[in-house]
$ cat start_26.cif   # mmCIF, C-alpha atoms and all ligand atoms
data_target
#
loop_
_atom_site.label_atom_id
_atom_site.label_comp_id
_atom_site.auth_asym_id
_atom_site.auth_seq_id
_atom_site.Cartn_x
_atom_site.Cartn_y
_atom_site.Cartn_z
CA MET A 1 -6.71 -138.62 99.94
CA VAL A 2 -7.54 -137.34 103.37
CA ALA A 3 -5.38 -135.46 105.90
CA ASP A 4 -2.66 -134.20 103.62
CA SER A 5 -1.64 -130.55 103.22
CA GLN A 6 -1.20 -129.18 99.70
CA PRO A 7 2.48 -129.42 98.74
CA GLY A 8 4.33 -126.47 97.16
CA HIS A 9 5.68 -126.56 93.62
CA ILE A 10 9.16 -127.93 94.48
CA ASP A 11 7.67 -130.49 96.85
CA GLN A 12 5.25 -131.48 94.11
CA ILE A 13 8.13 -132.18 91.70
CA LYS A 14 10.00 -134.13 94.36
CA GLN A 15 6.87 -136.15 95.08
CA THR A 16 6.23 -136.93 91.41
CA ASN A 17 9.87 -137.90 90.78
CA ALA A 18 10.10 -140.09 93.88
CA GLY A 19 6.87 -141.85 92.88
CA ALA A 20 8.11 -142.43 89.33
CA VAL A 21 11.44 -143.87 90.56
CA TYR A 22 9.69 -146.10 93.10
CA ARG A 23 7.36 -147.37 90.37
CA LEU A 24 10.29 -148.31 88.14
CA ILE A 25 12.07 -150.13 90.97
CA ASP A 26 8.85 -151.93 91.93
CA GLN A 27 8.03 -152.99 88.37
CA LEU A 28 11.54 -153.71 87.05
CA GLY A 29 13.70 -154.42 90.11
CA PRO A 30 16.44 -155.35 90.56
CA VAL A 31 17.39 -152.34 88.44
CA SER A 32 20.61 -150.31 88.44
CA ARG A 33 20.87 -146.58 89.16
CA ILE A 34 22.12 -145.99 85.61
CA ASP A 35 19.06 -147.68 84.11
CA LEU A 36 16.79 -145.76 86.49
CA SER A 37 18.32 -142.48 85.37
CA ARG A 38 17.70 -143.37 81.73
CA LEU A 39 14.17 -144.72 82.25
CA ALA A 40 13.00 -141.94 84.57
CA GLN A 41 14.73 -139.29 82.46
CA LEU A 42 16.30 -137.82 85.59
CA ALA A 43 19.93 -136.76 86.13
CA PRO A 44 22.17 -139.38 87.85
CA ALA A 45 22.61 -136.97 90.79
CA SER A 46 18.84 -136.78 91.29
CA ILE A 47 18.54 -140.57 91.19
CA THR A 48 21.35 -140.91 93.74
CA LYS A 49 19.59 -138.49 96.09
CA ILE A 50 16.12 -140.06 95.78
CA VAL A 51 17.51 -143.58 96.14
CA ARG A 52 19.57 -142.62 99.20
CA GLU A 53 16.43 -141.34 100.95
CA MET A 54 14.54 -144.50 100.04
CA LEU A 55 17.38 -146.71 101.30
CA GLU A 56 17.52 -144.80 104.61
CA ALA A 57 13.74 -145.19 105.01
CA HIS A 58 13.97 -148.95 104.24
CA LEU A 59 11.65 -148.61 101.26
CA VAL A 60 14.24 -150.04 98.84
CA GLN A 61 17.24 -152.31 99.27
CA GLU A 62 20.38 -153.07 97.30
CA THR A 63 21.14 -156.41 95.72
CA GLU A 64 23.76 -157.76 93.32
CA ILE A 65 22.88 -158.17 89.65
CA GLN A 66 25.22 -160.55 87.83
CA ASP A 67 25.06 -160.16 84.08
CA PRO A 68 25.32 -163.77 82.80
CA GLY A 69 27.57 -162.67 79.89
CA SER A 70 30.06 -160.70 81.97
CA ARG A 71 32.88 -161.93 84.21
CA GLY A 72 33.35 -158.56 85.86
CA ARG A 73 32.25 -157.34 89.25
CA PRO A 74 28.45 -157.72 89.73
CA ALA A 75 26.47 -154.47 89.43
CA VAL A 76 24.36 -153.10 92.28
CA GLY A 77 20.61 -153.34 91.68
CA LEU A 78 17.73 -151.87 93.60
CA MET A 79 14.61 -153.66 94.76
CA VAL A 80 11.65 -152.52 96.84
CA GLU A 81 11.54 -153.49 100.50
CA THR A 82 7.95 -154.29 101.37
CA GLU A 83 7.57 -156.71 104.26
CA ALA A 84 8.14 -154.27 107.11
CA TRP A 85 5.29 -152.03 105.92
CA HIS A 86 1.64 -152.95 106.30
CA TYR A 87 -1.61 -151.28 105.41
CA LEU A 88 -5.25 -152.01 106.10
CA ALA A 89 -7.50 -152.59 103.09
CA LEU A 90 -11.17 -152.47 103.88
CA ARG A 91 -14.22 -153.11 101.79
CA VAL A 92 -17.82 -152.36 102.74
CA SER A 93 -20.48 -154.03 100.61
CA ARG A 94 -24.03 -155.27 100.92
CA GLY A 95 -24.30 -156.82 104.40
CA GLU A 96 -20.59 -157.46 104.88
CA ILE A 97 -17.23 -155.90 105.60
CA HIS A 98 -13.85 -157.30 104.52
CA LEU A 99 -10.74 -156.30 106.45
CA ALA A 100 -7.27 -157.24 105.31
CA LEU A 101 -3.73 -156.56 106.34
CA ARG A 102 -1.37 -156.48 103.37
CA ASP A 103 2.29 -155.59 102.98
CA LEU A 104 3.52 -153.01 100.47
CA SER A 105 3.95 -155.68 97.77
CA SER A 106 0.14 -156.20 98.17
CA LYS A 107 0.76 -159.65 99.64
CA LEU A 108 -1.98 -160.72 102.02
CA VAL A 109 -1.04 -161.12 105.68
CA VAL A 110 -4.54 -161.79 107.03
CA GLU A 111 -8.07 -161.20 105.73
CA GLU A 112 -11.45 -161.45 107.44
CA ARG A 113 -15.02 -161.20 106.22
CA LEU A 114 -17.60 -160.14 108.79
CA GLU A 115 -21.34 -159.56 108.73
CA LEU A 116 -22.43 -155.92 108.68
CA ALA A 117 -26.16 -155.45 109.32
CA LEU A 118 -27.84 -153.12 106.82
CA GLN A 119 -29.73 -151.49 109.69
CA ASP A 120 -28.52 -151.09 113.24
CA ALA A 121 -29.07 -148.85 116.27
CA GLN A 122 -25.39 -147.76 115.99
CA PRO A 123 -24.46 -145.48 113.06
CA LEU A 124 -22.38 -147.17 110.33
CA LEU A 125 -19.37 -144.92 111.07
CA HIS A 126 -19.13 -146.18 114.67
CA ARG A 127 -19.54 -149.77 113.59
CA ILE A 128 -16.73 -149.50 111.00
CA ILE A 129 -14.35 -147.98 113.57
CA THR A 130 -15.20 -150.70 116.10
CA HIS A 131 -14.52 -153.38 113.49
CA ILE A 132 -11.13 -151.82 112.67
CA ASP A 133 -10.13 -151.51 116.35
CA GLN A 134 -11.10 -155.11 117.07
CA PHE A 135 -9.32 -156.34 113.93
CA PHE A 136 -6.08 -154.67 115.03
CA ILE A 137 -6.43 -156.14 118.54
CA ARG A 138 -6.97 -159.65 117.13
CA HIS A 139 -3.97 -159.40 114.80
CA GLN A 140 -1.55 -157.14 116.69
CA GLY A 141 1.02 -159.95 116.78
CA LYS A 142 1.26 -159.88 112.98
CA LEU A 143 1.18 -156.13 112.50
CA GLU A 144 4.28 -154.36 111.15
CA ARG A 145 4.43 -150.60 110.73
CA LEU A 146 0.99 -149.32 109.60
CA THR A 147 1.28 -146.98 106.61
CA ALA A 148 -2.25 -146.31 105.39
CA ILE A 149 -5.89 -147.34 105.28
CA ALA A 150 -7.60 -147.94 101.94
CA ILE A 151 -11.38 -148.19 101.79
CA THR A 152 -13.60 -149.16 98.89
CA LEU A 153 -17.38 -149.04 98.96
CA PRO A 154 -20.39 -148.31 96.75
CA GLY A 155 -22.15 -144.95 96.91
CA ILE A 156 -21.79 -141.27 96.24
CA ILE A 157 -18.34 -140.45 97.53
CA ASP A 158 -16.16 -137.35 97.63
CA THR A 159 -12.78 -139.06 97.34
CA GLU A 160 -10.82 -135.88 98.17
CA SER A 161 -12.57 -135.07 101.45
CA GLY A 162 -13.37 -138.69 102.31
CA ILE A 163 -17.06 -137.92 102.82
CA ILE A 164 -19.58 -140.62 101.92
CA HIS A 165 -22.68 -138.69 100.90
CA ARG A 166 -25.02 -141.64 100.31
CA MET A 167 -24.70 -145.42 100.15
CA PRO A 168 -26.96 -148.02 98.64
CA PHE A 169 -28.17 -150.66 101.15
CA TYR A 170 -27.17 -148.58 104.23
CA GLU A 171 -29.96 -146.06 104.30
CA ASP A 172 -28.86 -144.20 107.44
CA VAL A 173 -25.67 -142.96 105.73
CA LYS A 174 -25.80 -139.25 105.01
CA ASP A 175 -22.59 -137.20 104.56
CA MET A 176 -20.56 -139.65 106.69
CA PRO A 177 -17.07 -138.14 107.36
CA LEU A 178 -15.35 -141.51 107.11
CA GLY A 179 -11.93 -140.34 105.86
CA GLU A 180 -11.40 -137.54 108.35
CA THR A 181 -12.65 -139.56 111.32
CA LEU A 182 -10.44 -142.55 110.52
CA ALA A 183 -7.37 -140.41 109.80
CA ALA A 184 -7.79 -138.70 113.18
CA HIS A 185 -8.46 -142.02 114.92
CA THR A 186 -5.44 -143.89 113.50
CA GLY A 187 -2.96 -141.15 112.51
CA VAL A 188 -2.36 -142.61 109.04
CA PRO A 189 -3.56 -141.35 105.63
CA VAL A 190 -6.89 -142.74 104.46
CA TYR A 191 -7.64 -143.42 100.80
CA ILE A 192 -11.27 -143.86 99.78
CA GLN A 193 -12.61 -144.78 96.37
CA HIS A 194 -15.83 -146.06 94.84
CA ASP A 195 -15.59 -149.85 94.66
CA ILE A 196 -16.05 -150.10 90.89
CA SER A 197 -13.42 -147.42 90.17
CA ALA A 198 -10.97 -149.04 92.58
CA TRP A 199 -11.61 -152.50 91.11
CA THR A 200 -10.92 -151.07 87.64
CA MET A 201 -7.60 -149.75 88.98
CA ALA A 202 -6.83 -153.16 90.52
CA GLU A 203 -7.34 -154.97 87.22
CA ALA A 204 -5.08 -152.42 85.50
CA LEU A 205 -2.31 -152.72 88.13
CA PHE A 206 -2.42 -156.42 88.99
CA GLY A 207 -5.03 -158.17 86.85
CA ALA A 208 -6.68 -158.75 83.50
CA SER A 209 -6.12 -155.30 81.97
CA ARG A 210 -2.45 -154.94 82.94
CA GLY A 211 -0.58 -153.11 80.20
CA ALA A 212 -3.71 -152.00 78.30
CA ARG A 213 -3.99 -148.23 77.69
CA ASP A 214 -7.75 -148.08 77.03
CA VAL A 215 -10.13 -150.28 78.96
CA ILE A 216 -13.83 -150.40 79.78
CA GLN A 217 -14.69 -152.50 82.81
CA VAL A 218 -18.36 -153.27 83.39
CA VAL A 219 -19.65 -154.56 86.69
CA ILE A 220 -23.00 -156.37 86.72
CA ASP A 221 -23.85 -157.22 90.31
CA HIS A 222 -26.28 -155.78 92.89
CA ASN A 223 -25.47 -152.53 91.07
CA VAL A 224 -24.51 -152.02 87.45
CA GLY A 225 -21.67 -149.61 86.72
CA ALA A 226 -18.44 -149.17 84.85
CA GLY A 227 -14.89 -147.94 85.13
CA VAL A 228 -13.03 -146.48 82.16
CA ILE A 229 -9.28 -146.23 81.67
CA THR A 230 -8.39 -143.89 78.87
CA ASP A 231 -4.77 -143.44 77.77
CA GLY A 232 -3.62 -145.25 80.91
CA ARG A 233 -5.57 -143.07 83.36
CA LEU A 234 -8.75 -143.77 85.26
CA LEU A 235 -11.54 -141.49 84.04
CA HIS A 236 -12.97 -139.35 86.88
CA ALA A 237 -10.13 -140.26 89.27
CA GLY A 238 -10.18 -137.86 92.21
CA SER A 239 -13.80 -136.83 91.82
CA SER A 240 -17.15 -138.14 92.93
CA SER A 241 -18.25 -138.76 89.33
CA LEU A 242 -18.73 -142.27 88.03
CA VAL A 243 -19.37 -143.85 84.69
CA GLU A 244 -23.05 -144.35 85.48
CA ILE A 245 -24.07 -146.81 82.80
CA GLY A 246 -26.45 -148.42 85.29
CA HIS A 247 -28.68 -145.36 85.01
CA THR A 248 -28.77 -145.23 81.23
CA GLN A 249 -32.26 -145.87 79.92
CA VAL A 250 -32.75 -149.10 77.99
CA ASP A 251 -36.55 -149.36 78.29
CA PRO A 252 -38.58 -146.13 78.24
CA TYR A 253 -41.62 -148.04 79.53
CA GLY A 254 -39.63 -149.96 82.14
CA LYS A 255 -39.72 -150.08 85.92
CA ARG A 256 -39.12 -147.00 88.01
CA CYS A 257 -35.53 -146.84 89.28
CA TYR A 258 -34.41 -145.46 92.65
CA CYS A 259 -32.60 -142.67 90.75
CA GLY A 260 -36.00 -141.27 89.72
CA ASN A 261 -36.06 -142.33 86.05
CA HIS A 262 -37.64 -145.30 84.33
CA GLY A 263 -36.15 -148.40 82.68
CA CYS A 264 -32.51 -147.85 83.69
CA LEU A 265 -30.08 -150.66 82.80
CA GLU A 266 -29.80 -151.44 86.52
CA THR A 267 -33.57 -152.17 86.75
CA ILE A 268 -33.08 -154.84 84.07
CA ALA A 269 -29.55 -156.25 84.53
CA SER A 270 -28.75 -156.13 88.27
CA VAL A 271 -28.66 -159.48 90.06
CA GLU A 272 -31.89 -158.73 91.95
CA SER A 273 -33.82 -157.62 88.82
CA VAL A 274 -32.64 -160.62 86.81
CA LEU A 275 -33.70 -163.06 89.54
CA GLU A 276 -37.06 -161.29 89.87
CA LEU A 277 -37.63 -161.57 86.13
CA ALA A 278 -36.57 -165.22 86.15
CA GLN A 279 -39.14 -165.94 88.89
CA VAL A 280 -41.94 -164.39 86.79
CA ARG A 281 -40.92 -166.22 83.62
CA MET A 282 -40.58 -169.57 85.43
CA ASN A 283 -44.32 -169.46 86.09
CA GLN A 284 -44.87 -169.45 82.33
CA SER A 285 -42.42 -172.25 81.62
CA MET A 286 -43.13 -175.28 83.77
CA SER A 287 -40.63 -177.48 81.94
CA SER A 288 -37.60 -175.33 82.86
CA MET A 289 -34.79 -176.90 84.89
CA LEU A 290 -35.01 -173.83 87.14
CA HIS A 291 -37.95 -175.43 88.98
CA GLN A 292 -35.69 -178.17 90.34
CA GLN A 293 -33.92 -176.08 93.00
CA PRO A 294 -34.08 -172.70 94.75
CA LEU A 295 -33.48 -169.86 92.31
CA THR A 296 -30.04 -168.22 92.73
CA VAL A 297 -27.45 -166.71 90.37
CA GLU A 298 -25.57 -170.02 90.59
CA SER A 299 -28.56 -172.20 89.68
CA LEU A 300 -29.58 -169.82 86.87
CA CYS A 301 -26.08 -169.83 85.36
CA LEU A 302 -25.70 -173.59 85.74
CA ALA A 303 -29.05 -174.22 84.00
CA ALA A 304 -28.06 -171.85 81.17
CA VAL A 305 -24.74 -173.65 80.66
CA LYS A 306 -26.56 -177.01 80.65
CA GLY A 307 -28.76 -175.72 77.83
CA ASP A 308 -32.02 -174.86 79.63
CA LEU A 309 -33.84 -172.63 77.13
CA LEU A 310 -35.40 -170.24 79.63
CA ALA A 311 -32.16 -169.77 81.59
CA LYS A 312 -30.18 -169.24 78.37
CA ASP A 313 -32.72 -166.68 77.19
CA ILE A 314 -32.52 -164.74 80.47
CA ILE A 315 -28.71 -164.62 80.44
CA THR A 316 -28.70 -163.67 76.74
CA SER A 317 -31.00 -160.72 77.45
CA VAL A 318 -28.64 -159.51 80.20
CA GLY A 319 -25.86 -159.62 77.58
CA THR A 320 -27.99 -157.86 74.97
CA ASN A 321 -29.02 -155.04 77.31
CA VAL A 322 -25.50 -154.49 78.61
CA GLY A 323 -24.06 -154.95 75.09
CA ARG A 324 -26.25 -152.20 73.65
CA ILE A 325 -24.82 -149.66 76.10
CA LEU A 326 -21.30 -151.04 75.66
CA ALA A 327 -21.56 -150.60 71.89
CA ILE A 328 -22.08 -146.87 72.45
CA MET A 329 -19.14 -146.79 74.87
CA VAL A 330 -16.90 -148.54 72.32
CA ASN A 331 -17.61 -145.69 69.90
CA LEU A 332 -16.76 -143.14 72.60
CA PHE A 333 -13.59 -144.72 74.02
CA ASN A 334 -12.25 -147.19 71.43
CA PRO A 335 -10.99 -149.65 74.07
CA GLN A 336 -8.50 -152.47 73.50
CA LYS A 337 -10.19 -154.48 76.19
CA ILE A 338 -13.63 -154.81 77.73
CA LEU A 339 -13.68 -156.56 81.08
CA ILE A 340 -16.83 -158.01 82.59
CA GLY A 341 -16.94 -158.44 86.35
CA SER A 342 -20.09 -160.26 87.38
CA PRO A 343 -21.45 -163.34 89.13
CA PHE A 344 -23.18 -163.99 85.78
CA ASN A 345 -19.67 -164.81 84.44
CA GLN A 346 -20.48 -168.33 85.66
CA ALA A 347 -22.41 -168.49 82.38
CA ALA A 348 -19.72 -166.60 80.42
CA GLU A 349 -20.12 -168.91 77.41
CA ILE A 350 -23.69 -167.59 76.99
CA LEU A 351 -23.22 -164.04 78.31
CA PHE A 352 -20.04 -163.01 76.46
CA PRO A 353 -21.16 -163.94 72.91
CA ALA A 354 -24.39 -161.99 73.50
CA ILE A 355 -22.36 -158.93 74.52
CA SER A 356 -19.85 -159.33 71.68
CA ASP A 357 -22.60 -159.71 69.05
CA CYS A 358 -24.17 -156.41 70.13
CA ILE A 359 -20.83 -154.62 70.04
CA ARG A 360 -20.00 -156.04 66.62
CA GLN A 361 -23.40 -155.11 65.17
CA GLN A 362 -23.88 -151.72 66.83
CA SER A 363 -20.51 -150.00 67.04
CA LEU A 364 -18.00 -148.74 64.51
CA PRO A 365 -16.39 -151.82 62.86
CA ALA A 366 -12.95 -150.13 62.85
CA TYR A 367 -13.18 -149.91 66.66
CA SER A 368 -15.03 -153.12 67.51
CA LYS A 369 -12.77 -155.41 65.47
CA HIS A 370 -9.84 -155.10 67.89
CA THR A 371 -11.91 -155.06 71.08
CA ALA A 372 -11.69 -158.20 73.21
CA VAL A 373 -14.36 -159.09 75.80
CA GLU A 374 -12.84 -160.90 78.79
CA GLN A 375 -13.48 -161.72 82.44
CA THR A 376 -12.00 -159.66 85.24
CA GLN A 377 -9.29 -161.51 87.16
CA PHE A 378 -10.65 -160.54 90.59
CA SER A 379 -14.19 -160.82 91.86
CA ASN A 380 -16.34 -158.13 93.43
CA ARG A 381 -15.27 -159.35 96.88
CA GLY A 382 -12.12 -159.21 98.92
CA THR A 383 -9.69 -156.32 99.15
CA MET A 384 -7.58 -156.18 95.98
CA ALA A 385 -9.43 -152.96 95.09
CA GLY A 386 -8.03 -151.37 98.26
CA ALA A 387 -4.57 -152.69 97.39
CA ALA A 388 -4.81 -150.74 94.13
CA LEU A 389 -5.44 -147.47 95.99
CA VAL A 390 -2.27 -147.90 98.08
CA LYS A 391 -0.17 -148.90 95.06
CA ASP A 392 -1.47 -145.85 93.18
CA ALA A 393 -0.61 -143.56 96.14
CA LEU A 394 2.94 -144.96 96.19
CA TYR A 395 3.35 -144.52 92.43
CA ASN A 396 1.99 -140.95 92.35
CA GLY A 397 4.25 -140.11 95.30
CA THR A 398 1.65 -138.90 97.83
CA LEU A 399 2.02 -141.83 100.20
CA LEU A 400 5.70 -142.36 99.39
CA ILE A 401 6.66 -138.84 100.53
CA ARG A 402 4.95 -139.40 103.87
CA LEU A 403 6.86 -142.66 104.36
CA LEU A 404 10.15 -140.96 103.41
CA GLN A 405 9.50 -138.22 105.95
CA GLY A 406 8.89 -140.86 108.63
ZN ZN B 501 -31.65 -145.30 87.53
#

$ encode --input "start_26.cif" --output "structure tokens" --more "lines below"
Ligand SMILES: [Zn+2]
Amino acid sequence: MVADSQPGHIDQIKQTNAGAVYRLIDQLGPVSRIDLSRLAQLAPASITKIVREMLEAHLVQETEIQDPGSRGRPAVGLMVETEAWHYLALRVSRGEIHLALRDLSSKLVVEERLELALQDAQPLLHRIITHIDQFFIRHQGKLERLTAIAITLPGIIDTESGIIHRMPFYEDVKDMPLGETLAAHTGVPVYIQHDISAWTMAEALFGASRGARDVIQVVIDHNVGAGVITDGRLLHAGSSSLVEIGHTQVDPYGKRCYCGNHGCLETIASVESVLELAQVRMNQSMSSMLHQQPLTVESLCLAAVKGDLLAKDIITSVGTNVGRILAIMVNLFNPQKILIGSPFNQAAEILFPAISDCIRQQSLPAYSKHTAVEQTQFSNRGTMAGAALVKDALYNGTLLIRLLQG
């Protein structure tokens, strides 16, 4: 997170406890103070104090809980109060920017998708700030109190300092101080995370991997990468490191990759490489259905599902190449769940069995037998990934403490 001073030890404990209590109220509410004390393992006096501060700040509210079996006075339960607090979730991807206003329950107030030219006379930093300013002007009538800005994007990112060192697709980006500039411009904390890591957090908090302790999420899109949750925590959270499966070699004699090596998974399984390969192979297979319309991910997946041999073979090889790397990861992390987030999921009935076969044949049977391969709930678009960053900052207390202090 950007623009936050290091708290002292006591403040750190207060922050952690407040975050834990808020999480329980958010996930279980309405919940009584007695239950909170038991679940958070904090003394009743501590709960009373934390809850009082949250009530005064309008972050939680009281409500009656009537136990259906009892005829006594209803107990007082606590619920989060979310509608008066908004945040901006922003996503920069290839050629576009998504901006969304959400309330603290992650509910969408308004979302826009705008074009963002890959090259422009104006630096990307200026263009992002202009988009944010104009978005707030357009929607000022809907805006409640702004609490934070959450940004997700691809690239080499220092999440602590908010510096974007490099980005794919936007070649002019070099050490862009996005976090600091935006925090100074808006006066609210700015959370920045790599889009695949943030999407992995979003699936764990709101989506397909909710409740799972060990998860591998693979993204096959313009880039190929992964997020890993191990024992309930995102691997590499708070650092610029990523689970770079896209740059694992699958073909020693393969194409040169932009990372400097040869035959990386990304040069074989990314959307662009798969379409390029399909174009070459179409010339050798005149009977393929793929000749009937312009070649896109959609037409390729549709042809595969309809049984076109060439299209099926191409999707199966994507699954086999990704599956080979995943089999190694299964041995390393022993996940309960493997999530695949990809536009190729349109041909999931071809892609997933190819991936599962590799895992079953190439990883430890004791591990692979309880591993399920499933689709992500969200797509690699929109701003749920940003919503996950804000939820995480509330739960770990960093954002919550700022809101309590007003
Ligand atoms: Zn590479």

$ residues_near_ligand --input "start_26.cif" --ligand "ligand ZN 501 (chain B)" --cutoff "6 Å" --atoms "all atoms listed in the file" --output "ChimeraX atom specification"
/A:247,257-259,261,264

$ closest_residue --input "start_26.cif" --among "A:Thr82, A:Thr130, A:Gln41, A:Thr320" --to "Glu144 of chain A" --atoms "all atoms listed in the file"
A:Thr82

$ residues_around --input "start_26.cif" --residues "Phe333 of chain A" --least-positions-apart "4" --cutoff "12 Å" --atoms "only C-alpha atoms" --output "ChimeraX atom specification"
/A:213-217,227-231,235,326-329,337-338,363-364,367-368,371

$ residues_around --input "start_26.cif" --residues "Thr398 of chain A" --least-positions-apart "3" --cutoff "12 Å" --atoms "all atoms listed in the file" --output "PyMOL selection string"
chain A and resi 1-7+11-20+22+147-148+189-191+389-395+401-405

$ atom_distance --input "start_26.cif" --atom1 "atom CA of Asp308 of chain A" --atom2 "atom CA of Val280 of chain A"
16.1 Å

$ atom_distance --input "start_26.cif" --atom1 "atom CA of Ile156 of chain A" --atom2 "atom CA of Val188 of chain A"
23.3 Å

$ residues_around --input "start_26.cif" --residues "His194 of chain A" --least-positions-apart "4" --cutoff "8 Å" --atoms "only C-alpha atoms" --output "list in words"
Thr152, Leu153, Pro154, Gly155, Ile156, Ile157 and Ala198 of chain A

$ closest_residue --input "start_26.cif" --among "A:Arg281, A:Arg360, A:Arg233, A:Arg33" --to "Gly323 of chain A" --atoms "only C-alpha atoms"
A:Arg360

$ residues_around --input "start_26.cif" --residues "Ala237 of chain A" --least-positions-apart "4" --cutoff "9 Å" --atoms "all atoms listed in the file" --output "PyMOL selection string"
chain A and resi 159+193+197+233+241-242

$ closest_residue --input "start_26.cif" --among "A:Arg94, A:Lys306, A:Lys174, A:Lys369" --to "Asn334 of chain A" --atoms "all atoms listed in the file"
A:Lys369

$ residues_around --input "start_26.cif" --residues "Gln292 of chain A" --least-positions-apart "3" --cutoff "12 Å" --atoms "all atoms listed in the file" --output "list in words"
Met282, Met286, Ser287, Ser288, Met289, Leu295, Thr296, Ser299, Leu300, Leu302, Ala303 and Asp308 of chain A

$ atom_distance --input "start_26.cif" --atom1 "atom CA of Leu36 of chain A" --atom2 "atom CA of Gln66 of chain A"
17.1 Å

$ residues_near_point --input "start_26.cif" --point "(-1.6, -149.2, 86.8)" --cutoff "10 Å" --atoms "all atoms listed in the file" --output "PyMOL selection string"
chain A and resi 23+200-207+209-213+229+232-234+388+391-392+395

$ residues_near_point --input "start_26.cif" --point "(20.1, -154.6, 90.4)" --cutoff "12 Å" --atoms "all atoms listed in the file" --output "PyMOL selection string"
chain A and resi 24-26+28-36+60-67+74-80

$ closest_residue --input "start_26.cif" --among "A:Val250, A:Leu310, A:Ala226, A:Ala57" --to "Asn283 of chain A" --atoms "all atoms listed in the file"
A:Leu310

$ closest_residue --input "start_26.cif" --among "A:Arg145, A:Arg381, A:His236, A:His139" --to "Arg113 of chain A" --atoms "all atoms listed in the file"
A:Arg381

$ decode --input "start_26.cif" --residues "segment 197-210 of chain A" --atoms "N, CA and C atoms" --output "CSV table (one decimal), in the first residue's frame"
chain,number,residue,atom,x,y,z
A,197,SER,N,-2.4,-11.8,-9.7
A,197,SER,CA,-2.4,-12.0,-8.2
A,197,SER,C,-3.7,-11.5,-7.6
A,198,ALA,N,-4.1,-10.3,-8.1
A,198,ALA,CA,-5.4,-9.8,-7.6
A,198,ALA,C,-6.6,-10.6,-7.9
A,199,TRP,N,-6.6,-11.1,-9.2
A,199,TRP,CA,-7.7,-12.0,-9.6
A,199,TRP,C,-7.7,-13.3,-8.8
A,200,THR,N,-6.6,-13.8,-8.4
A,200,THR,CA,-6.5,-15.0,-7.6
A,200,THR,C,-7.1,-14.7,-6.2
A,201,MET,N,-6.8,-13.5,-5.7
A,201,MET,CA,-7.4,-13.1,-4.4
A,201,MET,C,-8.9,-12.9,-4.6
A,202,ALA,N,-9.4,-12.4,-5.7
A,202,ALA,CA,-10.8,-12.2,-5.9
A,202,ALA,C,-11.6,-13.5,-5.9
A,203,GLU,N,-11.0,-14.5,-6.6
A,203,GLU,CA,-11.6,-15.8,-6.6
A,203,GLU,C,-11.7,-16.4,-5.2
A,204,ALA,N,-10.6,-16.2,-4.4
A,204,ALA,CA,-10.6,-16.7,-3.1
A,204,ALA,C,-11.6,-16.0,-2.1
A,205,LEU,N,-11.8,-14.7,-2.3
A,205,LEU,CA,-12.7,-14.0,-1.4
A,205,LEU,C,-14.1,-14.0,-1.9
A,206,PHE,N,-14.4,-14.0,-3.2
A,206,PHE,CA,-15.8,-13.9,-3.7
A,206,PHE,C,-16.2,-15.0,-4.7
A,207,GLY,N,-15.2,-15.8,-5.1
A,207,GLY,CA,-15.5,-16.6,-6.3
A,207,GLY,C,-15.3,-18.1,-6.2
A,208,ALA,N,-14.7,-18.7,-7.2
A,208,ALA,CA,-14.7,-20.2,-7.3
A,208,ALA,C,-13.8,-20.9,-6.3
A,209,SER,N,-12.8,-20.2,-5.7
A,209,SER,CA,-12.0,-20.9,-4.7
A,209,SER,C,-12.3,-20.5,-3.3
A,210,ARG,N,-13.5,-19.9,-3.1
A,210,ARG,CA,-13.8,-19.5,-1.7
A,210,ARG,C,-13.8,-20.7,-0.8
